[in-house]
$ cat upload_37.txt   # compact mmCIF, C-alpha atoms
# COMPACT_ATOMS: atom_id res chain seq x y z
CA MET Y 1 -23.88 -14.15 0.29
CA PRO Y 2 -20.78 -15.21 2.27
CA PHE Y 3 -17.49 -15.50 0.36
CA ALA Y 4 -19.19 -14.57 -2.94
CA ASN Y 5 -18.20 -11.62 -5.10
CA SER Y 6 -20.17 -8.42 -4.62
CA VAL Y 7 -18.05 -5.68 -6.12
CA ASN Y 8 -18.26 -2.30 -4.41
CA HIS Y 9 -17.83 0.27 -7.16
CA GLU Y 10 -18.04 3.16 -4.70
CA VAL Y 11 -14.70 2.46 -3.07
CA LYS Y 12 -11.27 1.98 -4.59
CA VAL Y 13 -9.04 -0.40 -2.64
CA GLU Y 14 -5.25 -0.52 -2.89
CA LEU Y 15 -2.71 -2.82 -1.31
CA GLY Y 16 0.71 -1.52 -0.26
CA ARG Y 17 3.72 -3.66 0.56
CA ARG Y 18 7.22 -2.64 1.61
CA TYR Y 19 10.47 -4.36 0.63
CA ARG Y 20 14.09 -3.65 1.41
CA PHE Y 21 17.27 -3.77 -0.61
CA SER Y 22 20.79 -2.52 -0.02
CA ALA Y 23 22.93 -1.37 -2.90
CA SER Y 24 25.74 0.94 -3.87
CA HIS Y 25 25.91 3.65 -6.48
CA ARG Y 26 27.92 6.57 -7.70
CA LEU Y 27 26.22 9.58 -9.21
CA HIS Y 28 28.38 10.47 -12.18
CA ASN Y 29 27.60 11.57 -15.72
CA ALA Y 30 30.46 10.66 -18.06
CA SER Y 31 29.44 13.34 -20.55
CA LEU Y 32 30.16 16.06 -18.00
CA SER Y 33 33.52 17.29 -16.77
CA GLU Y 34 34.97 16.12 -13.47
CA ALA Y 35 34.37 19.60 -12.10
CA ALA Y 36 30.74 19.67 -13.24
CA ASN Y 37 30.12 16.21 -11.77
CA HIS Y 38 31.59 17.31 -8.49
CA GLU Y 39 29.53 20.49 -8.56
CA ILE Y 40 26.24 18.70 -9.33
CA TYR Y 41 26.53 15.50 -7.31
CA GLY Y 42 28.75 16.60 -4.40
CA LYS Y 43 29.71 13.73 -2.13
CA CYS Y 44 27.54 11.35 -4.17
CA ASN Y 45 30.21 11.69 -6.88
CA ASN Y 46 32.85 10.04 -4.67
CA PRO Y 47 34.79 7.85 -7.19
CA HIS Y 48 34.49 4.68 -5.15
CA GLY Y 49 30.74 4.90 -4.63
CA HIS Y 50 28.65 4.56 -1.51
CA GLY Y 51 25.46 2.73 -0.56
CA HIS Y 52 22.05 2.91 1.01
CA ASN Y 53 19.46 0.71 2.66
CA TYR Y 54 16.56 1.38 0.34
CA ILE Y 55 12.89 0.75 1.08
CA LEU Y 56 10.62 0.00 -1.85
CA GLU Y 57 6.88 0.49 -1.40
CA VAL Y 58 4.73 -1.14 -4.08
CA THR Y 59 1.03 -0.26 -4.38
CA VAL Y 60 -1.41 -2.27 -6.48
CA SER Y 61 -5.16 -1.96 -6.95
CA GLY Y 62 -7.97 -4.20 -8.05
CA SER Y 63 -11.16 -5.76 -6.88
CA VAL Y 64 -11.11 -7.73 -3.64
CA ASP Y 65 -11.70 -11.38 -4.46
CA ALA Y 66 -14.47 -12.66 -2.19
CA ALA Y 67 -13.04 -16.17 -1.90
CA THR Y 68 -9.68 -14.92 -0.60
CA GLY Y 69 -10.43 -11.41 0.65
CA MET Y 70 -7.41 -10.25 -1.33
CA ILE Y 71 -6.61 -7.93 -4.23
CA ALA Y 72 -3.60 -10.14 -4.91
CA ASN Y 73 -2.05 -12.99 -2.99
CA LEU Y 74 0.91 -11.54 -1.07
CA ALA Y 75 2.96 -14.65 -1.78
CA ASP Y 76 2.54 -13.95 -5.53
CA LEU Y 77 3.39 -10.26 -5.15
CA ASP Y 78 6.40 -11.03 -2.97
CA ALA Y 79 7.71 -13.62 -5.41
CA PHE Y 80 7.20 -11.26 -8.37
CA VAL Y 81 9.01 -8.34 -6.71
CA GLU Y 82 11.79 -10.67 -5.63
CA ARG Y 83 12.21 -11.98 -9.16
CA GLN Y 84 11.76 -8.71 -11.03
CA VAL Y 85 13.62 -6.31 -8.73
CA LEU Y 86 15.24 -7.60 -5.57
CA ASN Y 87 17.29 -10.38 -7.21
CA ASP Y 88 18.89 -7.80 -9.52
CA TYR Y 89 19.15 -4.95 -7.03
CA ASP Y 90 19.93 -6.30 -3.57
CA HIS Y 91 23.60 -6.19 -2.56
CA LYS Y 92 24.63 -4.95 -5.97
CA SER Y 93 26.34 -1.94 -7.45
CA PHE Y 94 23.87 -0.16 -9.71
CA ASN Y 95 26.63 1.29 -11.85
CA GLU Y 96 28.45 -2.01 -12.37
CA ASP Y 97 25.83 -4.73 -11.98
CA VAL Y 98 22.54 -3.43 -13.39
CA PRO Y 99 22.65 -2.90 -17.17
CA ALA Y 100 19.83 -0.33 -17.08
CA PHE Y 101 22.24 2.06 -15.35
CA ARG Y 102 25.18 1.64 -17.66
CA ASN Y 103 24.32 4.95 -19.32
CA ILE Y 104 21.81 6.38 -16.85
CA VAL Y 105 22.79 7.96 -13.55
CA PRO Y 106 21.41 5.74 -10.76
CA THR Y 107 19.60 8.46 -8.86
CA THR Y 108 16.59 7.30 -6.92
CA GLU Y 109 14.38 9.07 -9.49
CA ASN Y 110 15.84 6.83 -12.19
CA LEU Y 111 15.57 3.77 -9.93
CA CYS Y 112 11.85 4.53 -9.62
CA VAL Y 113 11.38 4.55 -13.39
CA ASP Y 114 13.32 1.29 -13.81
CA ILE Y 115 11.46 -0.41 -10.96
CA PHE Y 116 8.08 0.68 -12.34
CA ARG Y 117 8.96 -0.83 -15.72
CA ARG Y 118 10.00 -4.05 -14.03
CA LEU Y 119 6.79 -4.33 -12.02
CA LYS Y 120 4.08 -3.04 -14.35
CA THR Y 121 3.54 -6.50 -15.84
CA PHE Y 122 2.35 -7.92 -12.49
CA PRO Y 123 -0.45 -10.17 -13.73
CA ALA Y 124 -2.72 -10.31 -10.67
CA ALA Y 125 -3.45 -6.61 -10.08
CA LYS Y 126 -2.84 -3.15 -11.49
CA LEU Y 127 0.39 -1.46 -10.48
CA GLU Y 128 -0.64 1.97 -9.16
CA ARG Y 129 2.66 3.45 -8.06
CA ILE Y 130 5.95 2.75 -6.42
CA ARG Y 131 7.75 4.74 -3.78
CA VAL Y 132 11.42 4.42 -2.89
CA GLU Y 133 13.02 5.69 0.30
CA GLU Y 134 16.73 6.23 -0.24
CA THR Y 135 17.07 7.19 3.40
CA GLY Y 136 14.47 7.96 6.05
CA ASN Y 137 14.61 11.59 4.87
CA ASN Y 138 14.45 11.20 1.08
CA SER Y 139 11.67 9.45 -0.78
CA PHE Y 140 10.62 9.36 -4.43
CA GLU Y 141 7.39 8.22 -6.09
CA TYR Y 142 6.52 7.19 -9.61
CA ALA Y 143 3.17 6.17 -11.06
CA GLY Y 144 4.22 5.81 -14.67
CA ASP Y 145 3.40 8.45 -17.20
CA GLN Y 146 1.08 8.62 -20.17
CA THR Y 147 3.68 7.13 -22.47
CA GLU Y 148 4.11 4.23 -20.05
CA GLU Y 149 2.16 1.22 -21.25
CA ARG Y 150 0.18 -0.37 -18.48
CA MET O 1 -9.17 21.56 0.38
CA VAL O 2 -7.16 20.47 3.41
CA LEU O 3 -6.58 16.89 4.52
CA LEU O 4 -6.55 15.98 8.19
CA THR O 5 -5.40 12.61 9.48
CA ARG O 6 -5.95 10.89 12.79
CA LYS O 7 -4.11 7.70 13.72
CA ILE O 8 -5.25 4.99 16.14
CA GLU O 9 -3.89 1.57 17.00
CA PHE O 10 -5.78 -1.56 17.86
CA SER O 11 -4.82 -5.17 18.43
CA ALA O 12 -6.89 -8.06 17.17
CA SER O 13 -6.71 -11.69 16.12
CA HIS O 14 -7.86 -13.32 12.92
CA ARG O 15 -7.65 -16.41 10.78
CA TYR O 16 -7.92 -16.82 6.99
CA ASP O 17 -10.14 -19.75 6.17
CA ASN O 18 -12.74 -20.13 3.43
CA PRO O 19 -15.21 -22.88 4.37
CA ASN O 20 -15.97 -23.40 0.67
CA LEU O 21 -12.42 -24.63 0.12
CA SER O 22 -10.84 -27.90 1.30
CA PRO O 23 -8.37 -27.82 4.20
CA GLU O 24 -5.55 -28.42 1.70
CA GLU O 25 -6.72 -25.57 -0.53
CA ASN O 26 -6.99 -23.25 2.47
CA ARG O 27 -3.45 -24.08 3.50
CA ARG O 28 -2.18 -23.57 -0.03
CA VAL O 29 -3.94 -20.22 -0.56
CA PHE O 30 -3.52 -18.70 2.88
CA GLY O 31 -0.32 -20.32 4.13
CA LYS O 32 0.46 -19.65 7.78
CA CYS O 33 -2.52 -17.27 7.99
CA ASN O 34 -4.64 -20.44 7.93
CA ASN O 35 -3.27 -21.66 11.28
CA PRO O 36 -6.36 -23.18 12.97
CA HIS O 37 -6.00 -21.23 16.18
CA GLY O 38 -5.50 -17.86 14.53
CA HIS O 39 -2.88 -15.21 15.15
CA GLY O 40 -2.93 -11.47 15.70
CA HIS O 41 -1.54 -8.08 14.79
CA ASN O 42 -1.13 -4.60 16.12
CA TYR O 43 -3.06 -2.67 13.49
CA THR O 44 -2.47 1.01 12.82
CA LEU O 45 -5.36 2.89 11.27
CA GLU O 46 -4.97 6.29 9.61
CA VAL O 47 -8.22 8.07 8.84
CA THR O 48 -7.99 11.11 6.55
CA VAL O 49 -10.81 13.62 6.22
CA GLU O 50 -10.96 16.31 3.54
CA GLY O 51 -12.61 19.68 3.89
CA GLU O 52 -12.19 23.42 4.15
CA PRO O 53 -11.01 24.93 7.44
CA SER O 54 -13.85 26.79 9.13
CA PRO O 55 -13.22 30.56 9.12
CA ILE O 56 -14.36 30.63 12.75
CA THR O 57 -12.49 27.68 14.31
CA GLY O 58 -9.72 27.20 11.73
CA MET O 59 -10.54 23.47 11.77
CA VAL O 60 -11.68 21.09 9.06
CA LEU O 61 -13.44 19.24 11.85
CA ASP O 62 -13.00 19.03 15.60
CA LEU O 63 -10.38 16.33 16.23
CA LYS O 64 -12.17 15.45 19.45
CA ASP O 65 -15.27 14.50 17.45
CA LEU O 66 -13.18 12.37 15.12
CA LYS O 67 -11.42 10.75 18.05
CA GLU O 68 -14.76 9.88 19.66
CA LEU O 69 -16.11 8.53 16.38
CA LEU O 70 -13.05 6.28 15.95
CA ASP O 71 -13.31 5.12 19.53
CA ARG O 72 -17.00 4.28 19.22
CA GLU O 73 -16.99 2.73 15.76
CA ILE O 74 -13.57 1.09 15.54
CA MET O 75 -11.87 0.68 18.92
CA GLN O 76 -14.92 -0.68 20.70
CA ARG O 77 -15.73 -2.95 17.79
CA MET O 78 -12.26 -4.29 16.97
CA ASP O 79 -9.70 -3.68 19.71
CA HIS O 80 -8.72 -6.87 21.53
CA ARG O 81 -11.29 -8.83 19.55
CA ASN O 82 -11.27 -11.86 17.31
CA LEU O 83 -12.16 -10.36 13.93
CA ASN O 84 -13.61 -13.62 12.57
CA VAL O 85 -16.15 -14.19 15.33
CA GLU O 86 -16.72 -10.88 17.11
CA VAL O 87 -17.12 -8.36 14.30
CA PRO O 88 -20.45 -8.98 12.51
CA GLU O 89 -19.49 -6.73 9.58
CA LEU O 90 -16.73 -9.22 8.72
CA ALA O 91 -18.98 -12.29 8.87
CA GLY O 92 -18.74 -14.21 5.60
CA LYS O 93 -15.55 -12.37 4.63
CA ILE O 94 -11.89 -13.27 4.99
CA PRO O 95 -10.55 -10.67 7.46
CA THR O 96 -7.68 -9.53 5.25
CA CYS O 97 -6.25 -6.05 5.46
CA GLU O 98 -8.27 -5.14 2.34
CA ASN O 99 -11.58 -6.35 3.78
CA ILE O 100 -11.02 -4.80 7.22
CA ALA O 101 -10.16 -1.47 5.59
CA LEU O 102 -13.34 -1.68 3.48
CA VAL O 103 -15.46 -2.42 6.56
CA ILE O 104 -13.86 0.56 8.32
CA TRP O 105 -14.54 2.79 5.30
CA ASN O 106 -18.19 1.71 5.23
CA LEU O 107 -18.57 2.25 8.98
CA LEU O 108 -17.02 5.72 8.98
CA GLU O 109 -18.02 7.19 5.62
CA PRO O 110 -21.65 8.00 6.51
CA LYS O 111 -20.73 9.26 9.98
CA ILE O 112 -18.03 11.87 9.30
CA PRO O 113 -19.70 14.96 10.83
CA VAL O 114 -17.96 17.66 8.76
CA GLY O 115 -16.07 17.30 5.50
CA LYS O 116 -15.74 13.99 3.67
CA LEU O 117 -13.83 10.80 4.27
CA HIS O 118 -10.82 10.97 1.95
CA ARG O 119 -8.79 7.89 2.76
CA VAL O 120 -8.67 4.93 5.12
CA ARG O 121 -5.23 3.38 5.46
CA LEU O 122 -4.91 0.26 7.58
CA TYR O 123 -1.48 -1.13 8.41
CA GLU O 124 -1.40 -4.78 9.42
CA SER O 125 2.33 -4.41 9.95
CA ALA O 126 4.85 -1.73 9.02
CA ASP O 127 5.32 -3.49 5.67
CA LEU O 128 1.73 -4.20 4.68
CA PHE O 129 -1.22 -1.86 4.33
CA ALA O 130 -4.49 -1.36 2.47
CA ASP O 131 -5.90 1.98 1.31
CA CYS O 132 -9.52 2.83 0.52
CA TYR O 133 -10.55 5.89 -1.49
CA ARG O 134 -13.81 7.04 -2.97
CA ALA O 135 -13.89 5.67 -6.52
CA THR O 136 -13.74 8.41 -9.13
CA ALA O 137 -13.17 8.64 -12.86
CA SER O 138 -9.78 10.26 -12.19
CA ASN O 139 -8.46 7.32 -10.20
CA GLY O 140 -9.67 4.91 -12.84
CA HIS O 141 -12.60 3.55 -10.87
CA ALA O 142 -15.64 5.49 -12.01
CA PRO O 143 -18.49 4.76 -9.61
CA SER O 144 -20.93 4.92 -12.50
CA GLN O 145 -19.89 1.39 -13.52
CA LYS O 146 -22.75 -0.99 -12.83
CA ALA O 147 -22.04 -3.75 -10.35
CA GLY O 148 -21.46 -6.95 -12.31
CA LYS O 149 -22.94 -9.30 -9.76
$ encode --input "upload_37.txt" --output "structure tokens"
Amino acid sequence: MPFANSVNHEVKVELGRRYRFSASHRLHNASLSEAANHEIYGKCNNPHGHGHNYILEVTVSGSVDAATGMIANLADLDAFVERQVLNDYDHKSFNEDVPAFRNIVPTTENLCVDIFRRLKTFPAAKLERIRVEETGNNSFEYAGDQTEER
Amino acid sequence: MVLLTRKIEFSASHRYDNPNLSPEENRRVFGKCNNPHGHGHNYTLEVTVEGEPSPITGMVLDLKDLKELLDREIMQRMDHRNLNVEVPELAGKIPTCENIALVIWNLLEPKIPVGKLHRVRLYESADLFADCYRATASNGHAPSQKAGK
């Protein structure tokens, strides 16, 4: 029947959306010596920080609503990601401006964990995973772990 | 198991409109995608097949066969078409990225000559895509669930 729900349990459908934010960071662990920080983080330990144009890829899954053809309305997803992540991250210094990184080194691995926590409450679909490109050559993925409440 | 992916591009127009909803509701739900005269995209389709490389040819499947299958089933059906009116498989469905990817999965899945269809990824733009996988218990969508409706 047109525009009526007929769930296909044979196929899993996911929706992926990419967002951009630009931010600065410095990789530095205060509990290590200057020399150890320099050794571990190299030029990323530069005292005055540096920045990247990050790309965030968010993937959600769910059933495709027959009335809309959508897993989730993109306007809702966009507004949620904007509110939960981009408003706090874009054109900010992770070390100075984002409390989650006051005591955690803002590597892209740690960004992934923080972003996943911020997005896992998306009400309209299940958050499957996130992927962050720090540059075109480095990307990181996180799908939560078993201790992560979904 | 080895995964092999072939990419094709096609261009098509569509419009999001549910005749069961009022014009105001359609505009609210679908926004600019409800523009009465439609709009279009350059779609990029990635089709991934899983299988074991043949000890004789070293191939999971002959890329030429996959290319011909994609040309016959997808390009001829969707390229430079209006997805709402010219693709019967999308009749009665909103031609979203999710629904087009599902139609593509259903068209290709029974026709993969060697190996199995692993993933269909359809990009509507560089920043928006839909993925289809076979539902399994391990990806949280056990196919043994009975259809609710």
$ closest_residue --input "upload_37.txt" --among "Y:Thr59, Y:Asn37, Y:Asn95, Y:Ser31" --to "chain O" --atoms "only C-alpha atoms"
Y:Thr59
$ closest_atom_pairs --input "upload_37.txt" --of "chain O" --to "chain Y" --cutoff "10 Å" --atoms "all atoms listed in the file" --output "CSV"
residue,atom,partner,partner_atom,distance
O:Tyr16,CA,Y:Thr68,CA,8.0
O:Asp17,CA,Y:Thr68,CA,8.3
O:Asn18,CA,Y:Ala67,CA,6.6
O:Pro19,CA,Y:Phe3,CA,8.7
O:Asn20,CA,Y:Phe3,CA,8.1
O:Leu21,CA,Y:Ala67,CA,8.7
O:Asn26,CA,Y:Thr68,CA,9.3
O:Val29,CA,Y:Thr68,CA,7.8
O:Phe30,CA,Y:Thr68,CA,8.0
O:Gly31,CA,Y:Ala75,CA,8.8
O:Leu90,CA,Y:Pro2,CA,9.7
O:Ala91,CA,Y:Pro2,CA,7.4
O:Gly92,CA,Y:Pro2,CA,4.0
O:Lys93,CA,Y:Phe3,CA,5.6
O:Ile94,CA,Y:Gly69,CA,4.9
O:Pro95,CA,Y:Gly69,CA,6.9
O:Thr96,CA,Y:Gly69,CA,5.7
O:Cys97,CA,Y:Met70,CA,8.1
O:Glu98,CA,Y:Met70,CA,6.3
O:Asn99,CA,Y:Gly69,CA,6.1
O:Ile100,CA,Y:Gly69,CA,9.3
O:Ala101,CA,Y:Val13,CA,8.4
O:Leu102,CA,Y:Val13,CA,7.6
O:Trp105,CA,Y:Val11,CA,8.4
O:Asn106,CA,Y:Val11,CA,9.0
O:Arg119,CA,Y:Lys12,CA,9.8
O:Val120,CA,Y:Val13,CA,9.4
O:Arg121,CA,Y:Glu14,CA,9.2
O:Leu122,CA,Y:Leu15,CA,9.7
O:Tyr123,CA,Y:Gly16,CA,9.0
O:Ser125,CA,Y:Arg17,CA,9.5
O:Ala126,CA,Y:Arg18,CA,7.8
O:Asp127,CA,Y:Arg18,CA,4.6
O:Leu128,CA,Y:Arg17,CA,4.6
O:Phe129,CA,Y:Gly16,CA,5.0
O:Ala130,CA,Y:Leu15,CA,4.4
O:Asp131,CA,Y:Glu14,CA,4.9
O:Cys132,CA,Y:Val13,CA,4.5
O:Tyr133,CA,Y:Lys12,CA,5.0
O:Arg134,CA,Y:Val11,CA,4.7
O:Ala135,CA,Y:Val11,CA,4.8
O:Thr136,CA,Y:Glu10,CA,8.1
O:Asn139,CA,Y:Lys12,CA,8.2
O:Gly140,CA,Y:Lys12,CA,8.9
O:His141,CA,Y:Lys12,CA,6.6
O:Ala142,CA,Y:His9,CA,7.5
O:Pro143,CA,Y:His9,CA,5.2
O:Ser144,CA,Y:His9,CA,7.7
O:Gln145,CA,Y:His9,CA,6.8
O:Lys146,CA,Y:His9,CA,7.6
O:Ala147,CA,Y:Val7,CA,6.1
O:Gly148,CA,Y:Val7,CA,7.2
O:Lys149,CA,Y:Ser6,CA,5.9
$ atom_distance --input "upload_37.txt" --atom1 "atom CA of Glu109 of chain O" --atom2 "atom CA of Val60 of chain O"
15.7 Å
$ closest_residue --input "upload_37.txt" --among "Y:Cys112, Y:Ala100, Y:Cys44, Y:Leu119" --to "Ala79 of chain Y" --atoms "only C-alpha atoms"
Y:Leu119
$ residues_around --input "upload_37.txt" --residues "Asp79 of chain O" --least-positions-apart "5" --cutoff "10 Å" --atoms "all atoms listed in the file" --output "PyMOL selection string"
chain O and resi 9-13+42-43+71+74
$ atom_distance --input "upload_37.txt" --atom1 "atom CA of Arg26 of chain Y" --atom2 "atom CA of Asp90 of chain Y"
15.7 Å
$ residues_around --input "upload_37.txt" --residues "Asn45 of chain Y" --least-positions-apart "2" --cutoff "7 Å" --atoms "all atoms listed in the file" --output "PyMOL selection string"
chain Y and resi 26-28+37-38+41-43+47
$ residues_around --input "upload_37.txt" --residues "Leu4 of chain O" --least-positions-apart "4" --cutoff "9 Å" --atoms "all atoms listed in the file" --output "NGL selection string"
:O and (47-51 or 60-61 or 63)
$ atom_distance --input "upload_37.txt" --atom1 "atom CA of Ala125 of chain Y" --atom2 "atom CA of Asp78 of chain Y"
12.9 Å
